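The next block is protein29.pdb, given as PDB, C-alpha atoms, pLDDT in the B column.
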```
ATOM      1  CA  MET A   4     -19.200 -16.215   9.303  1.00 96.00           C
ATOM      2  CA  ARG A   5     -20.121 -12.775   7.967  1.00 98.00           C
ATOM      3  CA  VAL A   6     -17.868  -9.855   8.946  1.00 98.00           C
ATOM      4  CA  LEU A   7     -18.794  -6.244   8.189  1.00 98.00           C
ATOM      5  CA  LEU A   8     -16.126  -3.559   8.417  1.00 98.00           C
ATOM      6  CA  TYR A   9     -18.203  -1.068  10.362  1.00 97.00           C
ATOM      7  CA  SER A  10     -17.921   2.626  11.185  1.00 93.00           C
ATOM      8  CA  GLY A  11     -21.506   3.580  12.036  1.00 91.00           C
ATOM      9  CA  GLY A  12     -21.673   5.793   8.956  1.00 92.00           C
ATOM     10  CA  THR A  13     -24.655   5.731   6.620  1.00 94.00           C
ATOM     11  CA  ASP A  14     -23.342   3.025   4.282  1.00 94.00           C
ATOM     12  CA  SER A  15     -22.113   0.527   6.861  1.00 95.00           C
ATOM     13  CA  TRP A  16     -25.233   1.110   9.010  1.00 96.00           C
ATOM     14  CA  LEU A  17     -27.529   0.333   6.081  1.00 97.00           C
ATOM     15  CA  ILE A  18     -25.483  -2.738   5.145  1.00 97.00           C
ATOM     16  CA  LYS A  19     -25.740  -3.920   8.756  1.00 97.00           C
ATOM     17  CA  GLU A  20     -29.539  -3.655   8.575  1.00 97.00           C
ATOM     18  CA  LEU A  21     -29.752  -5.409   5.186  1.00 97.00           C
ATOM     19  CA  TRP A  22     -26.976  -8.019   5.401  1.00 97.00           C
ATOM     20  CA  HIS A  23     -27.218  -9.071   9.071  1.00 97.00           C
ATOM     21  CA  PRO A  24     -23.510  -9.760   9.696  1.00 98.00           C
ATOM     22  CA  ASP A  25     -22.297 -12.019  12.491  1.00 98.00           C
ATOM     23  CA  VAL A  26     -19.473  -9.630  13.413  1.00 98.00           C
ATOM     24  CA  LEU A  27     -19.353  -5.839  13.294  1.00 98.00           C
ATOM     25  CA  LEU A  28     -15.655  -4.988  13.113  1.00 98.00           C
ATOM     26  CA  TYR A  29     -14.245  -1.515  13.691  1.00 97.00           C
ATOM     27  CA  VAL A  30     -10.554  -1.132  12.911  1.00 97.00           C
ATOM     28  CA  ASP A  31      -9.079   1.694  14.953  1.00 97.00           C
ATOM     29  CA  MET A  32      -6.571   3.134  12.503  1.00 96.00           C
ATOM     30  CA  LYS A  33      -5.599   5.986  14.874  1.00 94.00           C
ATOM     31  CA  THR A  34      -6.700   8.585  12.312  1.00 90.00           C
ATOM     32  CA  GLN A  35      -8.100  12.063  12.870  1.00 85.00           C
ATOM     33  CA  TYR A  36     -11.629  10.588  12.896  1.00 85.00           C
ATOM     34  CA  SER A  37     -11.036   7.429  14.941  1.00 91.00           C
ATOM     35  CA  LYS A  38     -11.698   8.731  18.467  1.00 91.00           C
ATOM     36  CA  GLN A  39     -14.988  10.352  17.493  1.00 89.00           C
ATOM     37  CA  GLU A  40     -16.156   7.247  15.615  1.00 92.00           C
ATOM     38  CA  ILE A  41     -15.356   4.995  18.574  1.00 94.00           C
ATOM     39  CA  GLN A  42     -17.141   7.350  20.981  1.00 92.00           C
ATOM     40  CA  ARG A  43     -20.284   7.273  18.836  1.00 91.00           C
ATOM     41  CA  ILE A  44     -20.207   3.481  18.526  1.00 92.00           C
ATOM     42  CA  LYS A  45     -19.827   3.069  22.297  1.00 91.00           C
ATOM     43  CA  LYS A  46     -22.497   5.667  23.021  1.00 89.00           C
ATOM     44  CA  ARG A  47     -25.007   3.726  20.920  1.00 89.00           C
ATOM     45  CA  GLY A  48     -24.135   0.538  22.779  1.00 90.00           C
ATOM     46  CA  GLU A  49     -23.603  -1.462  19.607  1.00 91.00           C
ATOM     47  CA  ASP A  50     -21.937  -4.867  19.819  1.00 95.00           C
ATOM     48  CA  VAL A  51     -18.840  -3.959  17.822  1.00 97.00           C
ATOM     49  CA  LYS A  52     -15.459  -5.658  17.923  1.00 97.00           C
ATOM     50  CA  ILE A  53     -12.745  -2.967  18.022  1.00 97.00           C
ATOM     51  CA  VAL A  54      -9.192  -3.819  16.989  1.00 97.00           C
ATOM     52  CA  SER A  55      -6.186  -1.557  16.566  1.00 97.00           C
ATOM     53  CA  LEU A  56      -4.161  -1.070  13.380  1.00 96.00           C
ATOM     54  CA  PRO A  57      -2.358   2.314  13.389  1.00 95.00           C
ATOM     55  CA  LEU A  58      -2.537   3.149   9.699  1.00 93.00           C
ATOM     56  CA  GLY A  59      -2.978   6.787  10.668  1.00 89.00           C
ATOM     57  CA  GLU A  60       0.803   7.034  10.657  1.00 92.00           C
ATOM     58  CA  TRP A  61       0.529   7.293   6.849  1.00 91.00           C
ATOM     59  CA  GLU A  62      -2.606   9.448   6.728  1.00 88.00           C
ATOM     60  CA  ASP A  63      -2.526  12.586   4.605  1.00 88.00           C
ATOM     61  CA  LYS A  64      -3.738  15.179   7.104  1.00 81.00           C
ATOM     62  CA  LYS A  65      -5.406  17.335   4.447  1.00 82.00           C
ATOM     63  CA  THR A  66      -7.283  14.647   2.523  1.00 81.00           C
ATOM     64  CA  ALA A  67      -7.376  11.815   5.141  1.00 82.00           C
ATOM     65  CA  PHE A  68      -6.117   9.491   2.382  1.00 86.00           C
ATOM     66  CA  ILE A  69      -4.263   6.357   3.487  1.00 90.00           C
ATOM     67  CA  PRO A  70      -2.570   4.303   0.744  1.00 90.00           C
ATOM     68  CA  MET A  71      -3.852   0.723   0.515  1.00 93.00           C
ATOM     69  CA  ARG A  72      -6.246   1.289   3.436  1.00 94.00           C
ATOM     70  CA  ASN A  73      -8.956  -1.071   2.226  1.00 95.00           C
ATOM     71  CA  MET A  74      -6.580  -3.940   1.482  1.00 96.00           C
ATOM     72  CA  TYR A  75      -5.298  -3.687   5.042  1.00 97.00           C
ATOM     73  CA  LEU A  76      -8.871  -3.658   6.367  1.00 97.00           C
ATOM     74  CA  LEU A  77      -9.879  -6.724   4.370  1.00 98.00           C
ATOM     75  CA  MET A  78      -6.807  -8.607   5.566  1.00 98.00           C
ATOM     76  CA  VAL A  79      -7.643  -7.818   9.182  1.00 98.00           C
ATOM     77  CA  ALA A  80     -11.299  -8.790   8.694  1.00 98.00           C
ATOM     78  CA  SER A  81     -10.326 -12.155   7.214  1.00 98.00           C
ATOM     79  CA  ASN A  82      -9.095 -13.156  10.679  1.00 97.00           C
ATOM     80  CA  TYR A  83     -12.657 -12.898  12.030  1.00 98.00           C
ATOM     81  CA  GLY A  84     -14.699 -14.666   9.357  1.00 97.00           C
ATOM     82  CA  ASP A  85     -14.759 -16.056   5.843  1.00 97.00           C
ATOM     83  CA  HIS A  86     -17.364 -13.742   4.224  1.00 98.00           C
ATOM     84  CA  ILE A  87     -16.226 -10.123   4.405  1.00 98.00           C
ATOM     85  CA  CYS A  88     -17.945  -6.877   3.454  1.00 98.00           C
ATOM     86  CA  LEU A  89     -15.885  -3.729   3.024  1.00 95.00           C
ATOM     87  CA  GLY A  90     -18.945  -1.486   2.939  1.00 88.00           C
ATOM     88  CA  ALA A  91     -18.072   0.206  -0.348  1.00 85.00           C
ATOM     89  CA  THR A  92     -20.976   1.337  -2.533  1.00 88.00           C
ATOM     90  CA  LYS A  93     -21.394   2.294  -6.182  1.00 85.00           C
ATOM     91  CA  GLU A  94     -20.907   5.952  -5.277  1.00 78.00           C
ATOM     92  CA  ASP A  95     -17.419   5.210  -3.908  1.00 75.00           C
ATOM     93  CA  ALA A  96     -16.085   3.549  -7.050  1.00 66.00           C
ATOM     94  CA  GLY A  97     -15.096   6.671  -8.973  1.00 63.00           C
ATOM     95  CA  GLY A  98     -13.072   8.314  -6.245  1.00 64.00           C
ATOM     96  CA  SER A  99     -10.706   5.534  -5.239  1.00 73.00           C
ATOM     97  CA  SER A 100      -8.829   2.598  -6.736  1.00 82.00           C
ATOM     98  CA  ASP A 101      -9.624   0.313  -3.790  1.00 89.00           C
ATOM     99  CA  LYS A 102     -13.423   0.365  -3.612  1.00 89.00           C
ATOM    100  CA  ASP A 103     -14.786  -0.785  -6.965  1.00 91.00           C
ATOM    101  CA  ILE A 104     -15.794  -4.305  -7.974  1.00 93.00           C
ATOM    102  CA  ASP A 105     -12.536  -4.943  -9.836  1.00 93.00           C
ATOM    103  CA  PHE A 106     -10.614  -4.228  -6.652  1.00 94.00           C
ATOM    104  CA  LEU A 107     -12.916  -6.444  -4.580  1.00 96.00           C
ATOM    105  CA  ASN A 108     -12.409  -9.319  -7.018  1.00 97.00           C
ATOM    106  CA  GLU A 109      -8.637  -8.863  -7.000  1.00 97.00           C
ATOM    107  CA  ALA A 110      -8.569  -8.556  -3.198  1.00 97.00           C
ATOM    108  CA  GLU A 111     -10.590 -11.765  -2.856  1.00 98.00           C
ATOM    109  CA  SER A 112      -8.124 -13.554  -5.111  1.00 98.00           C
ATOM    110  CA  MET A 113      -5.168 -12.280  -3.083  1.00 97.00           C
ATOM    111  CA  LEU A 114      -6.786 -13.211   0.234  1.00 98.00           C
ATOM    112  CA  ASN A 115      -7.442 -16.719  -0.993  1.00 98.00           C
ATOM    113  CA  ARG A 116      -3.830 -17.015  -2.063  1.00 97.00           C
ATOM    114  CA  LEU A 117      -2.670 -15.880   1.372  1.00 95.00           C
ATOM    115  CA  TRP A 118      -5.133 -18.187   3.157  1.00 96.00           C
ATOM    116  CA  ALA A 119      -4.371 -21.185   0.899  1.00 96.00           C
ATOM    117  CA  PRO A 120      -3.329 -24.485   2.539  1.00 94.00           C
ATOM    118  CA  GLN A 121       0.286 -24.479   3.702  1.00 90.00           C
ATOM    119  CA  SER A 122       2.598 -27.020   5.271  1.00 87.00           C
ATOM    120  CA  LEU A 123       1.455 -26.167   8.801  1.00 85.00           C
ATOM    121  CA  TYR A 124      -2.036 -24.862   8.028  1.00 87.00           C
ATOM    122  CA  GLU A 125      -5.052 -26.434   6.341  1.00 91.00           C
ATOM    123  CA  GLY A 126      -6.230 -23.166   4.784  1.00 92.00           C
ATOM    124  CA  ARG A 127      -9.544 -21.339   4.437  1.00 95.00           C
ATOM    125  CA  LYS A 128     -11.783 -20.054   1.668  1.00 97.00           C
ATOM    126  CA  ILE A 129     -12.535 -16.307   1.743  1.00 98.00           C
ATOM    127  CA  TRP A 130     -15.392 -14.480   0.023  1.00 98.00           C
ATOM    128  CA  VAL A 131     -15.525 -10.695  -0.377  1.00 98.00           C
ATOM    129  CA  GLU A 132     -19.094  -9.386  -0.649  1.00 97.00           C
ATOM    130  CA  LYS A 133     -19.642  -7.426  -3.866  1.00 96.00           C
ATOM    131  CA  ASP A 134     -23.402  -6.855  -4.143  1.00 96.00           C
ATOM    132  CA  PHE A 135     -23.385  -3.591  -2.194  1.00 95.00           C
ATOM    133  CA  ALA A 136     -20.717  -2.173  -4.511  1.00 93.00           C
ATOM    134  CA  LYS A 137     -23.417  -2.263  -7.199  1.00 92.00           C
ATOM    135  CA  LEU A 138     -25.820  -0.097  -5.164  1.00 92.00           C
ATOM    136  CA  THR A 139     -26.012   3.571  -4.231  1.00 88.00           C
ATOM    137  CA  LYS A 140     -26.880   4.864  -0.781  1.00 88.00           C
ATOM    138  CA  ALA A 141     -30.353   5.689  -2.085  1.00 87.00           C
ATOM    139  CA  ASP A 142     -30.761   2.127  -3.401  1.00 91.00           C
ATOM    140  CA  MET A 143     -29.888   0.652  -0.015  1.00 95.00           C
ATOM    141  CA  LEU A 144     -32.154   3.060   1.813  1.00 94.00           C
ATOM    142  CA  ARG A 145     -35.058   2.079  -0.441  1.00 93.00           C
ATOM    143  CA  PHE A 146     -34.484  -1.605   0.383  1.00 96.00           C
ATOM    144  CA  TYR A 147     -34.301  -0.744   4.099  1.00 97.00           C
ATOM    145  CA  LEU A 148     -37.588   1.181   3.972  1.00 97.00           C
ATOM    146  CA  LYS A 149     -39.288  -1.647   2.062  1.00 97.00           C
ATOM    147  CA  LEU A 150     -38.407  -3.870   5.032  1.00 96.00           C
ATOM    148  CA  ASN A 151     -40.376  -1.462   7.273  1.00 96.00           C
ATOM    149  CA  GLY A 152     -37.289   0.454   8.261  1.00 97.00           C
ATOM    150  CA  ASP A 153     -37.677   3.777  10.087  1.00 97.00           C
ATOM    151  CA  ILE A 154     -36.311   6.787   8.191  1.00 97.00           C
ATOM    152  CA  ASN A 155     -35.858   8.822  11.372  1.00 97.00           C
ATOM    153  CA  ARG A 156     -33.987   5.936  13.005  1.00 96.00           C
ATOM    154  CA  PHE A 157     -31.638   5.970  10.005  1.00 97.00           C
ATOM    155  CA  LYS A 158     -31.181   9.721  10.413  1.00 96.00           C
ATOM    156  CA  GLU A 159     -30.532   9.590  14.164  1.00 95.00           C
ATOM    157  CA  GLU A 160     -28.362   6.463  14.376  1.00 94.00           C
ATOM    158  CA  THR A 161     -25.978   7.222  11.520  1.00 95.00           C
ATOM    159  CA  PHE A 162     -23.247   9.836  11.327  1.00 93.00           C
ATOM    160  CA  SER A 163     -21.787  11.298   8.150  1.00 91.00           C
ATOM    161  CA  CYS A 164     -19.738  14.479   8.398  1.00 93.00           C
ATOM    162  CA  TYR A 165     -16.254  15.698   7.484  1.00 88.00           C
ATOM    163  CA  THR A 166     -16.203  18.613   9.949  1.00 89.00           C
ATOM    164  CA  PRO A 167     -18.336  17.825  13.047  1.00 90.00           C
ATOM    165  CA  LYS A 168     -19.205  20.644  15.433  1.00 86.00           C
ATOM    166  CA  ARG A 169     -19.231  19.620  19.113  1.00 85.00           C
ATOM    167  CA  GLY A 170     -19.919  16.023  18.121  1.00 84.00           C
ATOM    168  CA  LYS A 171     -22.781  16.895  15.780  1.00 91.00           C
ATOM    169  CA  GLU A 172     -23.016  16.871  11.997  1.00 95.00           C
ATOM    170  CA  CYS A 173     -22.129  20.301  10.614  1.00 96.00           C
ATOM    171  CA  MET A 174     -24.802  20.256   7.859  1.00 97.00           C
ATOM    172  CA  ALA A 175     -22.331  22.151   5.692  1.00 95.00           C
ATOM    173  CA  CYS A 176     -20.125  19.561   3.997  1.00 93.00           C
ATOM    174  CA  LYS A 177     -20.372  17.075   1.150  1.00 88.00           C
ATOM    175  CA  ALA A 178     -20.897  14.109   3.492  1.00 90.00           C
ATOM    176  CA  CYS A 179     -23.749  15.865   5.296  1.00 95.00           C
ATOM    177  CA  PHE A 180     -25.247  16.808   1.923  1.00 92.00           C
ATOM    178  CA  ARG A 181     -25.289  13.191   0.732  1.00 90.00           C
ATOM    179  CA  LYS A 182     -26.949  11.951   3.903  1.00 94.00           C
ATOM    180  CA  PHE A 183     -29.441  14.823   4.000  1.00 96.00           C
ATOM    181  CA  ILE A 184     -30.539  14.210   0.419  1.00 93.00           C
ATOM    182  CA  VAL A 185     -31.439  10.552   0.956  1.00 92.00           C
ATOM    183  CA  ALA A 186     -32.897  11.054   4.440  1.00 96.00           C
ATOM    184  CA  TYR A 187     -34.863  14.273   3.841  1.00 96.00           C
ATOM    185  CA  GLY A 188     -35.945  13.083   0.411  1.00 94.00           C
ATOM    186  CA  ASN A 189     -37.526  10.046   2.080  1.00 94.00           C
ATOM    187  CA  GLY A 190     -39.327  11.977   4.792  1.00 95.00           C
ATOM    188  CA  ALA A 191     -36.821  12.340   7.650  1.00 97.00           C
ATOM    189  CA  GLU A 192     -37.540  15.222   9.986  1.00 96.00           C
ATOM    190  CA  TYR A 193     -34.994  18.052  10.270  1.00 97.00           C
ATOM    191  CA  SER A 194     -35.065  21.210  12.344  1.00 96.00           C
ATOM    192  CA  ASP A 195     -35.487  24.553  10.599  1.00 96.00           C
ATOM    193  CA  LYS A 196     -31.949  25.436  11.718  1.00 96.00           C
ATOM    194  CA  ASP A 197     -30.454  22.378  10.018  1.00 97.00           C
ATOM    195  CA  LYS A 198     -32.492  22.948   6.869  1.00 97.00           C
ATOM    196  CA  ARG A 199     -31.262  26.548   6.679  1.00 97.00           C
ATOM    197  CA  LYS A 200     -27.651  25.361   7.036  1.00 97.00           C
ATOM    198  CA  MET A 201     -28.101  22.788   4.301  1.00 97.00           C
ATOM    199  CA  LEU A 202     -29.815  25.316   2.051  1.00 96.00           C
ATOM    200  CA  ARG A 203     -26.816  27.635   2.384  1.00 95.00           C
ATOM    201  CA  PHE A 204     -24.457  24.782   1.486  1.00 93.00           C
ATOM    202  CA  ILE A 205     -26.537  23.775  -1.538  1.00 92.00           C
ATOM    203  CA  GLU A 206     -26.753  27.372  -2.767  1.00 89.00           C
ATOM    204  CA  LYS A 207     -22.988  27.807  -2.408  1.00 87.00           C
ATOM    205  CA  GLU A 208     -21.615  24.427  -3.464  1.00 84.00           C
ATOM    206  CA  VAL A 209     -24.237  22.743  -5.645  1.00 82.00           C
ATOM    207  CA  VAL A 210     -26.799  24.846  -7.467  1.00 78.00           C
ATOM    208  CA  HIS A 211     -24.654  27.690  -8.745  1.00 70.00           C
ATOM    209  CA  LYS A 212     -22.116  25.186 -10.120  1.00 61.00           C
ATOM    210  CA  SER A 213     -24.655  23.026 -11.907  1.00 55.00           C
ATOM    211  CA  LYS A 214     -24.164  24.765 -15.269  1.00 54.00           C
ATOM    212  CA  HIS A 215     -20.389  25.051 -15.405  1.00 48.00           C
ATOM    213  CA  ALA A 216     -19.438  21.924 -13.421  1.00 44.00           C
ATOM    214  CA  LYS A 217     -22.276  19.640 -14.407  1.00 47.00           C
ATOM    215  CA  GLY A 218     -22.581  16.607 -12.211  1.00 45.00           C
ATOM    216  CA  ARG A 219     -20.136  17.687  -9.540  1.00 47.00           C
ATOM    217  CA  TYR A 220     -22.556  16.489  -6.880  1.00 49.00           C
ATOM    218  CA  PHE A 221     -25.577  14.937  -8.485  1.00 52.00           C
ATOM    219  CA  LEU A 222     -26.551  15.642 -12.068  1.00 52.00           C
ATOM    220  CA  GLU A 223     -24.579  12.786 -13.638  1.00 51.00           C
ATOM    221  CA  LYS A 224     -25.241  10.244 -10.868  1.00 57.00           C
ATOM    222  CA  ASP A 225     -27.578   7.271 -11.216  1.00 64.00           C
ATOM    223  CA  ASN A 226     -29.848   8.774  -8.572  1.00 66.00           C
ATOM    224  CA  GLY A 227     -29.566  12.297  -9.985  1.00 73.00           C
ATOM    225  CA  GLN A 228     -33.311  12.813 -10.345  1.00 79.00           C
ATOM    226  CA  GLU A 229     -33.952  11.743  -6.768  1.00 82.00           C
ATOM    227  CA  VAL A 230     -31.337  14.214  -5.567  1.00 84.00           C
ATOM    228  CA  LEU A 231     -32.856  16.967  -7.672  1.00 86.00           C
ATOM    229  CA  GLN A 232     -36.321  16.198  -6.262  1.00 90.00           C
ATOM    230  CA  ALA A 233     -35.008  16.444  -2.692  1.00 92.00           C
ATOM    231  CA  ILE A 234     -33.351  19.779  -3.444  1.00 92.00           C
ATOM    232  CA  GLN A 235     -36.573  21.042  -5.048  1.00 93.00           C
ATOM    233  CA  LYS A 236     -38.523  19.925  -1.970  1.00 96.00           C
ATOM    234  CA  LEU A 237     -36.182  21.876   0.300  1.00 96.00           C
ATOM    235  CA  TYR A 238     -36.389  25.008  -1.848  1.00 95.00           C
ATOM    236  CA  ASP A 239     -40.182  24.832  -1.913  1.00 95.00           C
ATOM    237  CA  GLU A 240     -40.385  24.352   1.850  1.00 95.00           C
ATOM    238  CA  MET A 241     -38.029  27.264   2.484  1.00 95.00           C
ATOM    239  CA  GLY A 242     -39.885  29.538   0.055  1.00 94.00           C
ATOM    240  CA  LYS A 243     -37.025  29.739  -2.430  1.00 92.00           C
ATOM    241  CA  LYS A 244     -36.993  29.462  -6.224  1.00 90.00           C
ATOM    242  CA  LEU A 245     -34.674  26.802  -7.659  1.00 86.00           C
ATOM    243  CA  ASN A 246     -32.850  27.977 -10.777  1.00 78.00           C
ATOM    244  CA  LEU A 247     -30.286  25.661 -12.378  1.00 71.00           C
ATOM    245  CA  GLU A 248     -29.711  27.851 -15.440  1.00 64.00           C
TER     246      GLU A 248
END
```

Step by step, read the file and then write its structure as structure tokens.
Amino acid sequence: MRVLLYSGGTDSWLIKELWHPDVLLYVDMKTQYSKQEIQRIKKRGEDVKIVSLPLGEWEDKKTAFIPMRNMYLLMVASNYGDHICLGATKEDAGGSSDKDIDFLNEAESMLNRLWAPQSLYEGRKIWVEKDFAKLTKADMLRFYLKLNGDINRFKEETFSCYTPKRGKECMACKACFRKFIVAYGNGAEYSDKDKRKMLRFIEKEVVHKSKHAKGRYFLEKDNGQEVLQAIQKLYDEMGKKLNLE
């Protein structure tokens, strides 16, 4: 049985559409984002299994970092099926020690040790899905669109924001930037207000740093040219000149 650790964010939503899991599992870690994520999941009426594991007790309030978070999540998910997907993508690998393929392989080995046959238990075989860890968000979105997916459905049904404003994406943070680039770059419709907000963020946090902090957001990434094209499209539409010098 396939189990996807699900938050309703862009990555797990795309994996849901591409992988077709049997169980969508949300682990309520009692973090600063948990209540809002659960509200959005319930509002959309998705068939999601919600279980509680209060890892938020160890959450760093500034960075939202929780040590060993993904190992905990995989262990919980292994109780609901034998083929588990963490939802990590290629873009996640550089920023954490528990999202890359090496970690997924090691976690699978540990889970199979823990689920091995014992004196009172016949045991189970566990697989940890690794294919999505080889793909970027843009890669997955391309596959989704090739399957006749709707770009505006992706935009409306996913949520990706570090600092939401009254339950809406702020359009002024790194998470919003990443979603905007793949959605807008593939034809999603945004209001002029949201485009102006994103333009301000890009001018402040991306473009002017491109020379002295090359690749901070996009230049060194595998999908760097796609990101650059989306930024150019926005500048053209807003009547601005893009200068990366």

Residues matched by the PyMOL selection byres ((chain A and resi 9) around 12), written as an MDAnalysis selection string:
chainID A and resid 6:8 10:20 24:31 40:41 44 49:54 76:77 80 87:91 161

Spatial neighbours of Glu62 (chain A), max dist 12 Å, all atoms listed in the file, sep filter under 2 positions, as a tab-separated table (two decimals) with C-alpha atoms, in the coordinates of the input:
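Output file selection02.tsv is given in full below:
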```
chain	number	residue	atom	x	y	z
A	32	MET	CA	-6.57	3.13	12.50
A	33	LYS	CA	-5.60	5.99	14.87
A	34	THR	CA	-6.70	8.59	12.31
A	35	GLN	CA	-8.10	12.06	12.87
A	36	TYR	CA	-11.63	10.59	12.90
A	37	SER	CA	-11.04	7.43	14.94
A	57	PRO	CA	-2.36	2.31	13.39
A	58	LEU	CA	-2.54	3.15	9.70
A	59	GLY	CA	-2.98	6.79	10.67
A	60	GLU	CA	0.80	7.03	10.66
A	64	LYS	CA	-3.74	15.18	7.10
A	65	LYS	CA	-5.41	17.34	4.45
A	66	THR	CA	-7.28	14.65	2.52
A	67	ALA	CA	-7.38	11.82	5.14
A	68	PHE	CA	-6.12	9.49	2.38
A	69	ILE	CA	-4.26	6.36	3.49
A	70	PRO	CA	-2.57	4.30	0.74
A	71	MET	CA	-3.85	0.72	0.52
A	72	ARG	CA	-6.25	1.29	3.44
```

| task | Please write as a PyMOL selection string the full residue list that the PyMOL selection byres ((chain A and resi 188) around 8) yields on this file. | result | chain A and resi 183-187+189-191+229-230+232-233+236

For Phe135 (chain A), the closest of A:Lys168, A:Lys158, A:Lys93, A:Lys244 counting only C-alpha atoms is A:Lys93

On this file, the PyMOL selection byres ((chain A and resi 118) around 12) gives some set of residues; write that set as a count of residues only. 24

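With distances restricted to only C-alpha atoms, A:Val79 is the closest residue to Leu56 (chain A) from A:Met143, A:Val79, A:Met74, A:Val210.
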
Report, in Å with one decimal, the straight-line distance from CA of Leu107 (chain A) to CA of Ala178 (chain A).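 Between CA of Leu107 (chain A) and CA of Ala178 (chain A) the gap is 23.5 Å.
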
Starting from 4 Å padding per side, set up an axis-aligned box that covers all listed atoms of region 74-80 of chain A and hand over centre and edge lengths in Å, one decimal, as JSON.
```
{"center_x": -8.3, "center_y": -6.2, "center_z": 5.3, "size_x": 14.0, "size_y": 13.1, "size_z": 15.7}
```

Env of Ala175 (chain A): 7 Å cut, atoms = all atoms listed in the file, seq-sep filter 3 positions within chain, self excluded. Answer as number ranges by chain. A: 179, 200-201, 204
